[in-house]
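S.K.: My structure is in entry-v7.tsv, and what it holds is TSV, C-alpha atoms:
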chain	number	residue	atom	x	y	z
A	760	MET	CA	0.00	0.00	0.00
A	761	GLU	CA	1.28	3.49	-0.88
A	762	ASP	CA	2.59	5.50	2.06
A	763	ARG	CA	0.53	8.71	2.25
A	764	SER	CA	2.14	10.18	5.37
A	765	TYR	CA	3.56	13.12	3.48
A	766	THR	CA	4.79	16.22	5.30
A	767	LEU	CA	3.96	19.71	4.09
A	768	ARG	CA	7.53	19.96	2.81
A	769	ASP	CA	7.09	16.74	0.82
A	770	LEU	CA	3.89	18.07	-0.72
A	771	PHE	CA	5.54	21.41	-1.55
A	772	PHE	CA	8.21	19.73	-3.65
A	773	ARG	CA	5.74	17.22	-5.08
A	774	HIS	CA	2.92	19.52	-6.20
A	775	VAL	CA	4.15	23.15	-6.32
A	776	GLY	CA	6.04	24.14	-9.46
A	777	GLN	CA	9.65	25.17	-8.84
A	778	THR	CA	11.80	27.57	-10.84
A	779	SER	CA	15.11	26.64	-9.23
A	780	SER	CA	16.70	23.42	-8.08
A	781	SER	CA	17.37	24.80	-4.60
A	782	PRO	CA	14.50	26.91	-3.23
A	783	LEU	CA	14.80	28.14	0.34
A	784	GLY	CA	12.05	25.79	1.46
A	785	LEU	CA	11.33	27.62	4.71
A	786	SER	CA	7.97	26.70	6.19
A	787	ILE	CA	6.55	29.97	7.51
A	788	VAL	CA	3.55	29.91	9.83
A	789	LYS	CA	3.26	33.65	10.54
A	790	ALA	CA	4.69	37.01	9.55
A	791	GLU	CA	4.33	40.22	11.51
A	792	GLY	CA	6.07	43.59	11.29
A	793	VAL	CA	9.58	42.88	9.99
A	794	PHE	CA	9.73	39.23	11.06
A	795	PHE	CA	8.83	35.79	9.68
A	796	TYR	CA	8.17	32.88	12.02
A	797	SER	CA	8.59	29.19	11.36
A	798	GLU	CA	7.51	26.64	13.93
A	799	SER	CA	10.96	26.75	15.50
A	800	ARG	CA	12.52	30.18	14.97
A	801	ARG	CA	12.20	33.82	13.96
A	802	TYR	CA	13.71	35.45	10.85
A	803	LEU	CA	14.35	39.15	10.26
A	804	ASP	CA	13.03	40.18	6.86
A	805	PHE	CA	15.79	42.09	5.07
A	806	ILE	CA	14.22	41.77	1.61
A	807	SER	CA	10.50	42.68	1.97
A	808	GLY	CA	9.38	40.05	-0.52
A	809	VAL	CA	11.59	41.87	-3.06
A	810	CYS	CA	10.28	45.34	-2.17
A	811	VAL	CA	6.65	44.28	-1.69
A	812	SER	CA	6.18	44.60	2.07
A	813	ASN	CA	7.07	48.28	2.46
A	814	VAL	CA	4.54	48.71	5.28
A	815	GLY	CA	5.59	45.47	6.96
A	816	HIS	CA	3.68	42.23	7.46
A	817	ALA	CA	0.16	41.87	8.84
A	818	ARG	CA	-0.38	45.59	9.34
A	819	ARG	CA	-3.67	45.90	11.17
A	820	GLU	CA	-4.99	48.63	8.85
A	821	VAL	CA	-4.34	46.55	5.73
A	822	VAL	CA	-5.76	43.36	7.24
A	823	GLU	CA	-8.96	45.14	8.30
A	824	ALA	CA	-9.37	46.70	4.86
A	825	VAL	CA	-9.08	43.28	3.21
A	826	LYS	CA	-11.58	41.71	5.63
A	827	GLN	CA	-14.09	44.52	5.15
A	828	GLN	CA	-13.87	44.43	1.38
A	829	MET	CA	-14.31	40.65	1.28
A	830	GLU	CA	-17.50	41.08	3.28
A	831	ASN	CA	-18.74	43.70	0.80
A	832	TYR	CA	-17.76	42.02	-2.47
A	833	ALA	CA	-14.79	40.43	-4.19
A	834	HIS	CA	-14.63	39.93	-7.98
A	835	LEU	CA	-17.68	41.22	-9.85
A	836	MET	CA	-16.89	41.54	-13.54
A	837	VAL	CA	-13.97	41.89	-15.93
A	838	TYR	CA	-11.91	45.02	-15.37
A	839	GLY	CA	-13.33	48.40	-16.28
A	840	GLU	CA	-17.05	47.54	-16.40
A	841	MET	CA	-18.15	48.25	-12.84
A	842	ILE	CA	-17.64	51.27	-10.61
A	843	GLU	CA	-15.85	49.73	-7.64
A	844	SER	CA	-15.07	52.10	-4.78
A	845	PRO	CA	-11.65	50.60	-3.82
A	846	GLN	CA	-10.35	51.22	-7.34
A	847	VAL	CA	-11.81	54.71	-7.59
A	848	LEU	CA	-10.68	55.89	-4.16
A	849	HIS	CA	-7.20	54.46	-4.59
A	850	ALA	CA	-6.80	55.97	-8.07
A	851	ARG	CA	-7.86	59.37	-6.74
A	852	LEU	CA	-5.38	59.23	-3.86
A	853	LEU	CA	-2.54	57.86	-5.98
A	854	THR	CA	-2.90	60.47	-8.73
A	855	SER	CA	-3.18	63.25	-6.12
A	856	ILE	CA	0.48	62.67	-5.19
A	857	LEU	CA	1.70	62.39	-8.80
A	858	PRO	CA	2.37	65.12	-11.39
A	859	SER	CA	-0.75	66.35	-13.22
A	860	SER	CA	0.37	64.58	-16.41
A	861	LEU	CA	-0.04	61.24	-14.59
A	862	ASP	CA	-3.71	61.46	-13.73
A	863	CYS	CA	-5.18	58.16	-14.92
A	864	VAL	CA	-4.56	54.63	-13.61
A	865	TYR	CA	-5.00	51.32	-15.42
A	866	TYR	CA	-4.93	48.46	-12.90
A	867	VAL	CA	-3.44	45.08	-13.74
A	868	ASN	CA	-2.23	42.02	-11.82
A	869	SER	CA	1.54	42.47	-11.66
A	870	GLY	CA	4.58	44.48	-12.66
A	871	SER	CA	5.10	42.27	-15.69
A	872	GLU	CA	1.62	43.05	-16.97
A	873	ALA	CA	2.01	46.75	-16.18
A	874	ASN	CA	5.13	46.87	-18.37
A	875	GLU	CA	3.46	44.85	-21.12
A	876	ALA	CA	0.56	47.29	-21.09
A	877	ALA	CA	2.87	50.31	-21.13
A	878	VAL	CA	4.79	49.07	-24.17
A	879	LYS	CA	1.53	48.24	-25.97
A	880	LEU	CA	0.13	51.69	-25.24
A	881	ALA	CA	3.31	53.38	-26.49
A	882	LYS	CA	3.05	51.48	-29.78
A	883	ARG	CA	-0.62	52.35	-30.10
A	884	ILE	CA	-0.04	56.06	-29.43
A	885	THR	CA	3.01	56.58	-31.64
A	886	GLY	CA	2.31	54.07	-34.40
A	887	ARG	CA	5.95	53.01	-34.07
A	888	ARG	CA	7.34	49.56	-33.24
A	889	LYS	CA	10.88	49.98	-31.93
A	890	ILE	CA	11.39	49.76	-28.16
A	891	VAL	CA	14.59	50.71	-26.32
A	892	SER	CA	15.52	49.28	-22.93
A	893	CYS	CA	18.63	49.10	-20.76
A	894	ARG	CA	21.24	46.43	-20.48
A	895	ASN	CA	20.96	44.52	-17.18
A	896	ALA	CA	17.38	45.69	-16.71
A	897	TYR	CA	14.58	43.44	-15.52
A	898	HIS	CA	10.97	44.24	-16.45
A	899	GLY	CA	9.33	40.83	-15.99
A	900	SER	CA	9.38	37.31	-17.37
A	901	THR	CA	6.58	37.29	-19.95
A	902	GLN	CA	7.66	36.92	-23.56
A	903	GLY	CA	7.29	40.64	-24.23
A	904	ASN	CA	9.34	41.59	-21.18
A	905	LEU	CA	11.93	38.90	-21.92
A	906	SER	CA	12.37	40.62	-25.28
A	907	LEU	CA	13.38	43.79	-23.44
A	908	MET	CA	16.04	41.96	-21.46
A	909	SER	CA	19.66	42.03	-22.64
A	910	SER	CA	20.68	38.72	-21.06
A	911	GLU	CA	20.79	35.97	-23.65
A	912	GLU	CA	21.17	33.45	-20.82
A	913	PHE	CA	17.66	34.28	-19.62
A	914	LYS	CA	15.90	34.71	-22.94
A	915	GLY	CA	17.74	32.52	-25.47
A	916	ALA	CA	15.70	29.38	-24.77
A	917	PHE	CA	12.44	31.19	-25.49
A	918	ARG	CA	13.09	32.67	-28.91
A	919	PRO	CA	11.55	33.88	-31.18
A	920	LEU	CA	10.70	36.95	-29.13
A	921	MET	CA	9.45	40.45	-29.89
A	922	PRO	CA	11.54	42.08	-32.62
A	923	MET	CA	12.80	45.67	-32.91
A	924	VAL	CA	14.29	45.97	-29.43
A	925	GLU	CA	17.56	47.81	-28.90
A	926	HIS	CA	19.53	48.52	-25.75
A	927	ILE	CA	21.22	51.46	-24.13
A	928	VAL	CA	23.70	51.34	-21.26
A	929	PHE	CA	22.56	52.76	-17.94
A	930	ASN	CA	24.40	56.05	-17.23
A	931	ASP	CA	25.99	56.14	-20.71
A	932	VAL	CA	24.73	59.28	-22.47
A	933	ASP	CA	26.52	58.33	-25.70
A	934	SER	CA	24.44	55.15	-26.00
A	935	LEU	CA	21.26	57.24	-26.26
A	936	SER	CA	22.01	57.64	-29.97
A	937	VAL	CA	20.03	54.43	-30.68
A	938	ILE	CA	16.85	56.32	-29.71
A	939	ASP	CA	15.52	57.68	-33.00
A	940	GLU	CA	12.37	58.61	-34.93
A	941	HIS	CA	11.44	54.91	-35.17
A	942	THR	CA	11.36	54.52	-31.39
A	943	ALA	CA	7.94	54.17	-29.76
A	944	ALA	CA	9.26	54.23	-26.21
A	945	VAL	CA	12.23	53.89	-23.91
A	946	ILE	CA	11.52	51.81	-20.82
A	947	ILE	CA	13.94	52.21	-17.94
A	948	GLU	CA	14.16	51.84	-14.15
A	949	PRO	CA	15.19	55.19	-12.65
A	950	VAL	CA	17.33	53.10	-10.29
A	951	GLN	CA	18.32	49.71	-11.69
A	952	GLY	CA	17.23	47.00	-9.28
A	953	GLU	CA	18.39	43.63	-10.56
A	954	GLY	CA	21.44	45.34	-12.03
A	955	GLY	CA	22.63	45.68	-8.45
A	956	VAL	CA	21.21	49.09	-7.40
A	957	GLN	CA	22.74	51.20	-10.13
A	958	ILE	CA	22.01	54.85	-9.39
A	959	PRO	CA	21.67	57.43	-12.19
A	960	LYS	CA	24.51	59.89	-12.55
A	961	ASP	CA	23.75	63.58	-12.51
A	962	GLY	CA	22.07	64.56	-15.75
A	963	PHE	CA	21.61	61.08	-17.21
A	964	LEU	CA	17.83	60.87	-16.82
A	965	ALA	CA	17.47	64.50	-17.91
A	966	SER	CA	19.46	63.72	-21.06
A	967	LEU	CA	17.25	60.71	-21.67
A	968	ARG	CA	14.11	62.81	-21.25
A	969	LYS	CA	15.47	65.40	-23.71
A	970	LYS	CA	16.38	62.72	-26.27
A	971	CYS	CA	12.91	61.14	-26.09
A	972	ASP	CA	11.26	64.53	-26.54
A	973	SER	CA	13.46	65.37	-29.52
A	974	VAL	CA	12.45	62.23	-31.48
A	975	GLY	CA	8.85	61.94	-30.23
A	976	ALA	CA	9.40	58.76	-28.21
A	977	LEU	CA	7.56	58.13	-24.96
A	978	LEU	CA	9.49	57.67	-21.72
A	979	ILE	CA	8.35	54.81	-19.47
A	980	PHE	CA	9.67	54.61	-15.91
A	981	ASP	CA	9.45	51.16	-14.36
A	982	GLU	CA	9.09	51.84	-10.63
A	983	VAL	CA	7.91	48.36	-9.75
A	984	GLN	CA	10.76	47.95	-7.23
A	985	THR	CA	11.50	51.58	-6.39
A	986	GLY	CA	7.98	52.90	-5.86
A	987	PHE	CA	6.19	53.76	-2.62
A	988	GLY	CA	9.01	55.17	-0.55
A	989	ARG	CA	11.72	52.60	-1.12
A	990	THR	CA	14.33	55.17	-2.23
A	991	GLY	CA	13.41	57.91	0.26
A	992	LYS	CA	10.82	59.59	-1.95
A	993	MET	CA	7.39	58.19	-2.69
A	994	PHE	CA	8.64	57.61	-6.24
A	995	ALA	CA	12.27	57.52	-7.32
A	996	PHE	CA	11.74	59.88	-10.25
A	997	GLU	CA	11.01	62.64	-7.74
A	998	LYS	CA	14.65	62.46	-6.61
A	999	TYR	CA	15.92	63.21	-10.10
A	1000	GLY	CA	13.45	65.82	-11.32
A	1001	VAL	CA	12.41	63.91	-14.45
A	1002	VAL	CA	8.75	63.02	-15.08
A	1003	PRO	CA	7.93	60.04	-17.33
A	1004	ASP	CA	5.11	59.84	-19.85
A	1005	ILE	CA	4.07	56.47	-18.43
A	1006	LEU	CA	4.75	55.10	-14.93
A	1007	THR	CA	4.51	51.42	-14.05
A	1008	LEU	CA	3.94	50.17	-10.51
A	1009	ALA	CA	3.42	46.91	-8.62
A	1010	LYS	CA	5.08	45.13	-5.65
A	1011	ALA	CA	4.52	47.58	-2.74
A	1012	LEU	CA	1.48	49.03	-4.55
A	1013	GLY	CA	-0.80	46.29	-3.20
A	1014	GLY	CA	0.31	46.40	0.43
A	1015	GLY	CA	1.07	42.68	0.27
A	1016	MET	CA	-1.72	41.79	-2.16
A	1017	PRO	CA	-1.06	41.15	-5.89
A	1018	LEU	CA	-1.62	44.35	-7.85
A	1019	GLY	CA	0.02	46.29	-10.67
A	1020	ALA	CA	-0.76	49.54	-12.42
A	1021	MET	CA	0.16	51.66	-15.39
A	1022	VAL	CA	-0.28	55.40	-14.88
A	1023	THR	CA	-0.35	58.02	-17.62
A	1024	SER	CA	-2.50	60.95	-18.78
A	1025	SER	CA	-6.22	60.46	-19.26
A	1026	GLU	CA	-5.80	61.58	-22.87
A	1027	ARG	CA	-3.28	58.85	-23.62
A	1028	MET	CA	-5.34	56.27	-21.77
A	1029	LYS	CA	-8.28	56.89	-24.10
A	1030	CYS	CA	-6.30	55.19	-26.87
A	1031	TRP	CA	-7.31	51.80	-25.40
A	1032	GLN	CA	-10.88	52.51	-26.51
A	1033	THR	CA	-10.39	52.60	-30.28
A	1034	ASP	CA	-8.37	51.03	-33.10
A	1035	PRO	CA	-8.89	48.45	-31.63
A	1036	PRO	CA	-11.34	48.78	-28.77
A	1037	LEU	CA	-10.42	46.76	-25.68
A	1038	GLY	CA	-6.79	47.58	-26.43
A	1039	HIS	CA	-5.77	45.93	-23.17
A	1040	ILE	CA	-8.09	43.74	-21.14
A	1041	THR	CA	-7.74	41.84	-17.89
A	1042	THR	CA	-10.10	39.78	-15.77
A	1043	PHE	CA	-8.64	40.21	-12.30
A	1044	GLY	CA	-6.69	43.46	-12.74
A	1045	GLY	CA	-7.65	45.96	-10.07
A	1046	HIS	CA	-9.31	43.29	-7.94
A	1047	PRO	CA	-11.38	45.17	-5.32
A	1048	VAL	CA	-9.81	43.34	-2.38
A	1049	CYS	CA	-6.31	44.12	-3.67
A	1050	CYS	CA	-7.26	47.75	-4.25
A	1051	ALA	CA	-8.65	47.98	-0.72
A	1052	ALA	CA	-5.30	46.76	0.59
A	1053	ALA	CA	-3.50	49.21	-1.69
A	1054	LEU	CA	-5.59	52.11	-0.40
A	1055	ALA	CA	-4.90	51.21	3.23
A	1056	SER	CA	-1.20	50.79	2.50
A	1057	LEU	CA	-0.89	54.11	0.68
A	1058	LYS	CA	-2.69	55.91	3.50
A	1059	LEU	CA	-0.20	54.41	5.95
A	1060	LEU	CA	2.77	55.59	3.90
A	1061	LEU	CA	1.31	59.09	3.76
A	1062	GLU	CA	0.39	59.22	7.45
A	1063	LYS	CA	3.52	57.69	8.98
A	1064	ASP	CA	7.01	59.18	8.77
A	1065	TRP	CA	8.54	55.98	7.37
A	1066	VAL	CA	9.40	57.46	3.96
A	1067	GLY	CA	10.97	60.52	5.56
A	1068	GLU	CA	13.17	58.25	7.69
A	1069	VAL	CA	14.41	56.09	4.81
A	1070	GLU	CA	17.60	58.02	4.06
A	1071	ARG	CA	18.64	58.13	7.71
A	1072	LYS	CA	18.05	54.41	8.14
A	1073	SER	CA	19.94	53.73	4.91
A	1074	LYS	CA	22.93	55.70	6.15
A	1075	LYS	CA	22.85	53.81	9.45
A	1076	ILE	CA	23.19	50.51	7.56
A	1077	TYR	CA	25.83	51.94	5.20
A	1078	ASP	CA	27.98	53.35	7.99
A	1079	ALA	CA	27.85	50.10	9.95
A	1080	LEU	CA	28.89	47.84	7.07
A	1081	ILE	CA	31.18	49.84	4.78
A	1082	SER	CA	34.19	49.39	7.07
A	1083	HIS	CA	33.98	45.61	7.12
A	1084	PRO	CA	37.00	44.14	5.28
A	1085	ALA	CA	34.80	41.78	3.22
A	1086	VAL	CA	32.81	44.71	1.78
A	1087	LYS	CA	34.17	46.27	-1.41
A	1088	GLU	CA	31.35	48.73	-2.14
A	1089	ILE	CA	27.84	49.62	-1.01
A	1090	ARG	CA	25.36	51.15	-3.45
A	1091	ALA	CA	22.26	52.53	-1.79
A	1092	ALA	CA	19.09	54.17	-3.05
A	1093	GLY	CA	17.37	54.63	0.27
A	1094	LEU	CA	16.47	51.21	1.65
A	1095	LEU	CA	17.31	49.47	-1.61
A	1096	ILE	CA	20.90	48.52	-0.86
A	1097	ALA	CA	23.50	46.39	-2.65
A	1098	VAL	CA	26.42	45.18	-0.54
A	1099	ASP	CA	29.15	44.25	-3.01
A	1100	LEU	CA	31.73	41.69	-1.90
A	1101	GLY	CA	33.60	41.65	-5.22
A	1102	ASP	CA	33.21	37.87	-5.40
A	1103	ALA	CA	30.15	35.95	-6.64
A	1104	GLU	CA	30.86	32.86	-4.56
A	1105	LYS	CA	31.15	34.90	-1.37
A	1106	ALA	CA	27.95	36.77	-2.19
A	1107	LYS	CA	26.13	33.47	-2.66
A	1108	LYS	CA	27.60	31.94	0.49
A	1109	VAL	CA	26.67	34.89	2.69
A	1110	LEU	CA	22.95	34.39	1.94
A	1111	TYR	CA	23.05	30.99	3.66
A	1112	LEU	CA	25.23	32.28	6.47
A	1113	LEU	CA	22.67	35.01	7.07
A	1114	LEU	CA	19.85	32.49	7.02
A	1115	ASP	CA	21.69	30.62	9.78
A	1116	GLU	CA	21.78	33.95	11.65
A	1117	GLY	CA	18.02	34.32	11.24
A	1118	VAL	CA	18.11	37.00	8.53
A	1119	LEU	CA	16.53	36.64	5.08
A	1120	THR	CA	18.26	38.49	2.23
A	1121	ASP	CA	18.58	37.86	-1.51
A	1122	TRP	CA	20.80	38.21	-4.55
A	1123	PHE	CA	20.57	40.21	-7.80
A	1124	LEU	CA	19.89	38.70	-11.21
A	1125	PHE	CA	22.56	40.73	-12.99
A	1126	GLN	CA	25.02	41.57	-10.22
A	1127	PRO	CA	26.24	38.27	-8.75
A	1128	THR	CA	28.93	39.83	-6.54
A	1129	SER	CA	26.37	41.67	-4.39
A	1130	PHE	CA	23.65	40.78	-1.92
A	1131	ARG	CA	20.55	42.82	-1.18
A	1132	ILE	CA	19.33	44.62	1.91
A	1133	ALA	CA	15.79	45.99	1.55
A	1134	PRO	CA	13.80	45.75	4.80
A	1135	PRO	CA	10.25	47.00	5.30
A	1136	LEU	CA	10.26	50.77	5.65
A	1137	CYS	CA	8.68	50.50	9.10
A	1138	ILE	CA	11.81	48.85	10.52
A	1139	THR	CA	12.98	50.39	13.80
A	1140	ASP	CA	16.51	51.37	14.76
A	1141	GLN	CA	16.63	48.46	17.20
A	1142	GLU	CA	15.61	46.04	14.47
A	1143	ILE	CA	18.22	47.54	12.13
A	1144	ASP	CA	20.86	47.02	14.82
A	1145	LEU	CA	19.77	43.39	15.12
A	1146	GLY	CA	20.18	42.93	11.38
A	1147	ILE	CA	23.51	44.74	11.19
A	1148	GLU	CA	24.98	42.57	13.92
A	1149	ALA	CA	23.85	39.44	12.07
A	1150	VAL	CA	25.28	40.68	8.77
A	1151	ARG	CA	28.65	41.44	10.37
A	1152	ARG	CA	28.75	38.00	11.99
A	1153	ALA	CA	28.00	36.37	8.64
A	1154	LEU	CA	30.65	38.46	6.88
A	1155	ASP	CA	33.18	37.49	9.57
A	1156	LYS	CA	32.63	33.84	8.65
A	1157	LEU	CA	33.69	34.46	5.04
Represent the structure contained in this file as structure tokens.
M.R.:
Amino acid sequence: MEDRSYTLRDLFFRHVGQTSSSPLGLSIVKAEGVFFYSESRRYLDFISGVCVSNVGHARREVVEAVKQQMENYAHLMVYGEMIESPQVLHARLLTSILPSSLDCVYYVNSGSEANEAAVKLAKRITGRRKIVSCRNAYHGSTQGNLSLMSSEEFKGAFRPLMPMVEHIVFNDVDSLSVIDEHTAAVIIEPVQGEGGVQIPKDGFLASLRKKCDSVGALLIFDEVQTGFGRTGKMFAFEKYGVVPDILTLAKALGGGMPLGAMVTSSERMKCWQTDPPLGHITTFGGHPVCCAAALASLKLLLEKDWVGEVERKSKKIYDALISHPAVKEIRAAGLLIAVDLGDAEKAKKVLYLLLDEGVLTDWFLFQPTSFRIAPPLCITDQEIDLGIEAVRRALDKL
């Protein structure tokens, strides 16, 4: 007779699809504030679900908003047909803190879909087909977003992909020459995330904005990782004084629930309605429960002083780690921090050493010599000290 005494771990590996041969495999029973809990120990969250949990885990205000909305209604109809108050109220609040040219929100399910929608809209508006993206950028894993990626290692197995994509180099003004009158849009992260927290040099984004304007190309800022206070401003583009034509959001947008959005002007957004109508459609995009969580999360970020404290907390981490002999460089955009060890094997090893210390961190897709520190923005000084001590102990073991 077949033995059916499977553990939860057994069932995880048996029935849940895996994308790597060595997932962490932690069995978490609860998360609260900046901590995860397994049945046997506590872990400090130094990654925020890859910049999702900006307001922390199980925030009472977000939990109550989700419960209340579930009691009212969940999914009603495909996106855009019903007037649902969580969508409307969130869109009003979100656009109230954005420039006037970004006054209309299209809700989707994820950052990948937000970027897909943004590229589609740019093609529809301009009538052009060429898209320009950055080397070492990550915009998602769908076939369209894979096409934007420069890494042949990631995309080669999935060809043929979307044609007419060219690449610029982040911070290289000379490379902007590939942007021409055939270009529908340039899509770029104002701070490169998976490239290892690459920060724009003075004038680079302004030069990019000027080049797009000169050839009639739209500028898309992917703020899926950097949005909602992560860099010390509500949106990273505010730090650099350059406003995009289209803004894409996800991750922290939903307050822990799955939600993405593309934001642009109401005039541009009208292009979805004709030639062809239903230019972008989604069933679950802007789910009312997710939008209720997003509204509660955004209110928290606006009411608390977490965003205003980001730069100070970032400097506290920087100052405590930069002197360690194993650290070669630290690149920080607020609480999106890359600690570079100058050695890919050491950077990989330190993740497991930190896990042994009860701290969860992560790596970067296109910067293998660095590891990431990106805690929830609500982290306290005492919790930062706890994490710093663990990081230094792990680095000592290298």
S.K.: Find the spatial neighbours of Cys1137 (chain A), counting only C-alpha atoms, within a cut-off of 12 Å - ignore same-chain residues fewer than 3 positions away - and output them as number ranges by chain.
M.R.: A: 791-794, 804-805, 807, 812-816, 818, 988-989, 1056, 1059-1060, 1063-1069, 1072, 1094, 1133-1134, 1140-1143
S.K.: List as a ChimeraX atom specification the protein and nucleic acid residues near region 1002-1012 of chain A, meaning an atom at most 8 Å away when all atoms listed in the file are counted, but skip any in the same chain fewer than 2 places from it.
M.R.: /A:809-813,858,860-861,869-870,873-874,877,968,977-984,986-987,996-997,1000,1014-1015,1017-1024,1053,1056-1057
S.K.: Neighbours of Arg887 (chain A) within 8 Å (all atoms listed in the file; same-chain residues fewer than 3 positions away dropped), as a PyMOL selection string?
M.R.: chain A and resi 882-883+941-943
S.K.: Write out as a PyMOL selection string each polymer residue whose atoms come within 10 Å of region 1102-1116 of chain A, counting all atoms listed in the file; drop sequence neighbours fewer than 5 positions from it.
M.R.: chain A and resi 783+801-803+1085-1087+1121-1123+1126-1131+1146+1148-1157
S.K.: Please tabulate, as a Markdown table, the residues of region 861-947 of chain A that come within 12 Å of region 819-839 of chain A, each with its closest pair of atoms and the distance in Å to one decimal, counting only C-alpha atoms and ordering rows by chain, then residue number upward.
M.R.:
| residue | atom | partner | partner_atom | distance |
| --- | --- | --- | --- | --- |
| A:Val864 | CA | A:Gly839 | CA | 11.1 |
| A:Tyr865 | CA | A:Gly839 | CA | 8.9 |
| A:Tyr866 | CA | A:Tyr838 | CA | 8.2 |
| A:Val867 | CA | A:Tyr838 | CA | 8.6 |
| A:Asn868 | CA | A:Tyr838 | CA | 10.7 |
S.K.: Next, write the just-selected residues to a file, as a short mmCIF file (atom, residue, chain, number, x, y, z; two decimals), keeping the file's coordinate frame, keeping C-alpha atoms as the atom set.
M.R.:
data_model
loop_
_atom_site.label_atom_id
_atom_site.label_comp_id
_atom_site.auth_asym_id
_atom_site.auth_seq_id
_atom_site.Cartn_x
_atom_site.Cartn_y
_atom_site.Cartn_z
CA VAL A 864 -4.56 54.63 -13.61
CA TYR A 865 -5.00 51.32 -15.42
CA TYR A 866 -4.93 48.46 -12.90
CA VAL A 867 -3.44 45.08 -13.74
CA ASN A 868 -2.23 42.02 -11.82
#
S.K.: Hey, can you check how far CA of Asp1034 (chain A) sits from CA of Thr885 (chain A)?
M.R.: 12.7 Å
S.K.: Please, what distance in Å, to one decimal, runs between CA of Ala1092 (chain A) and CA of Ile1132 (chain A)?
M.R.: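 Straight-line distance from CA of Ala1092 (chain A) to CA of Ile1132 (chain A) works out to 10.8 Å.
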S.K.: Which value, in Å to one decimal, gives the distance between CA of Pro919 (chain A) and CA of Val891 (chain A)?
M.R.: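 About the pair CA of Pro919 (chain A) and CA of Val891 (chain A): they are 17.8 Å apart.
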S.K.: If we count only C-alpha atoms and set the cut-off at 12 Å, which residues sit around Val847 (chain A), ignoring sequence neighbours fewer than 3 positions away in its own chain? Please answer as a PyMOL selection string.
M.R.: chain A and resi 839+841-844+850-854+863-866+1045-1047+1050-1051+1053-1054
S.K.: For Ala817 (chain A), which of A:Met1016, A:Leu767, A:Asn895, A:Ser973 is the closest residue, counting only C-alpha atoms?
M.R.: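 Looking only at the distances to Ala817 (chain A), the closest residue turns out to be A:Met1016.
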S.K.: Quick one: of A:Ile806, A:Ala965, A:Met923, A:Ala876, who's nearest to His1039 (chain A), counting all atoms listed in the file?
M.R.: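 Ranking A:Ile806, A:Ala965, A:Met923, A:Ala876 by distance to His1039 (chain A), first place goes to A:Ala876.
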S.K.: Nearest to Cys1030 (chain A): which of A:Gly975, A:Gly784, A:Pro845, A:Gly886 is it, counting all atoms listed in the file?
M.R.: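 Closest to Cys1030 (chain A), using all atoms listed in the file: A:Gly886.
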S.K.: Given the choices A:Thr1042, A:Ser797, A:Thr1139, A:Gln902, which gets closest to Ile1076 (chain A) if the distance is worked out from all atoms listed in the file?
M.R.: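 So, comparing all the options, the nearest one is A:Thr1139.
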S.K.: Please rebuild region 857-867 of chain A with N, CA and C atoms and give the result as a PDB file, in the frame of the given file.
M.R.:
ATOM      1  N   LEU A 857       0.891  62.470  -7.577  1.00  0.00           N
ATOM      2  CA  LEU A 857       1.700  62.390  -8.800  1.00  0.00           C
ATOM      3  C   LEU A 857       1.572  63.688  -9.585  1.00  0.00           C
ATOM      4  N   PRO A 858       2.496  63.952 -10.516  1.00  0.00           N
ATOM      5  CA  PRO A 858       2.370  65.120 -11.390  1.00  0.00           C
ATOM      6  C   PRO A 858       1.052  65.090 -12.167  1.00  0.00           C
ATOM      7  N   SER A 859       0.560  66.244 -12.556  1.00  0.00           N
ATOM      8  CA  SER A 859      -0.750  66.350 -13.220  1.00  0.00           C
ATOM      9  C   SER A 859      -0.811  65.590 -14.530  1.00  0.00           C
ATOM     10  N   SER A 860       0.352  65.330 -15.145  1.00  0.00           N
ATOM     11  CA  SER A 860       0.370  64.580 -16.410  1.00  0.00           C
ATOM     12  C   SER A 860       0.189  63.077 -16.195  1.00  0.00           C
ATOM     13  N   LEU A 861       0.182  62.650 -14.934  1.00  0.00           N
ATOM     14  CA  LEU A 861      -0.040  61.240 -14.590  1.00  0.00           C
ATOM     15  C   LEU A 861      -1.317  61.164 -13.755  1.00  0.00           C
ATOM     16  N   ASP A 862      -2.447  61.297 -14.440  1.00  0.00           N
ATOM     17  CA  ASP A 862      -3.710  61.460 -13.730  1.00  0.00           C
ATOM     18  C   ASP A 862      -4.702  60.331 -13.945  1.00  0.00           C
ATOM     19  N   CYS A 863      -4.256  59.240 -14.600  1.00  0.00           N
ATOM     20  CA  CYS A 863      -5.180  58.160 -14.920  1.00  0.00           C
ATOM     21  C   CYS A 863      -4.485  56.817 -14.713  1.00  0.00           C
ATOM     22  N   VAL A 864      -5.163  55.898 -14.020  1.00  0.00           N
ATOM     23  CA  VAL A 864      -4.560  54.630 -13.610  1.00  0.00           C
ATOM     24  C   VAL A 864      -5.259  53.473 -14.325  1.00  0.00           C
ATOM     25  N   TYR A 865      -4.462  52.575 -14.879  1.00  0.00           N
ATOM     26  CA  TYR A 865      -5.000  51.320 -15.420  1.00  0.00           C
ATOM     27  C   TYR A 865      -4.447  50.202 -14.531  1.00  0.00           C
ATOM     28  N   TYR A 866      -5.340  49.502 -13.838  1.00  0.00           N
ATOM     29  CA  TYR A 866      -4.930  48.460 -12.900  1.00  0.00           C
ATOM     30  C   TYR A 866      -4.765  47.113 -13.596  1.00  0.00           C
ATOM     31  N   VAL A 867      -3.714  46.421 -13.220  1.00  0.00           N
ATOM     32  CA  VAL A 867      -3.440  45.080 -13.740  1.00  0.00           C
ATOM     33  C   VAL A 867      -3.059  44.178 -12.566  1.00  0.00           C
TER      34      VAL A 867
END
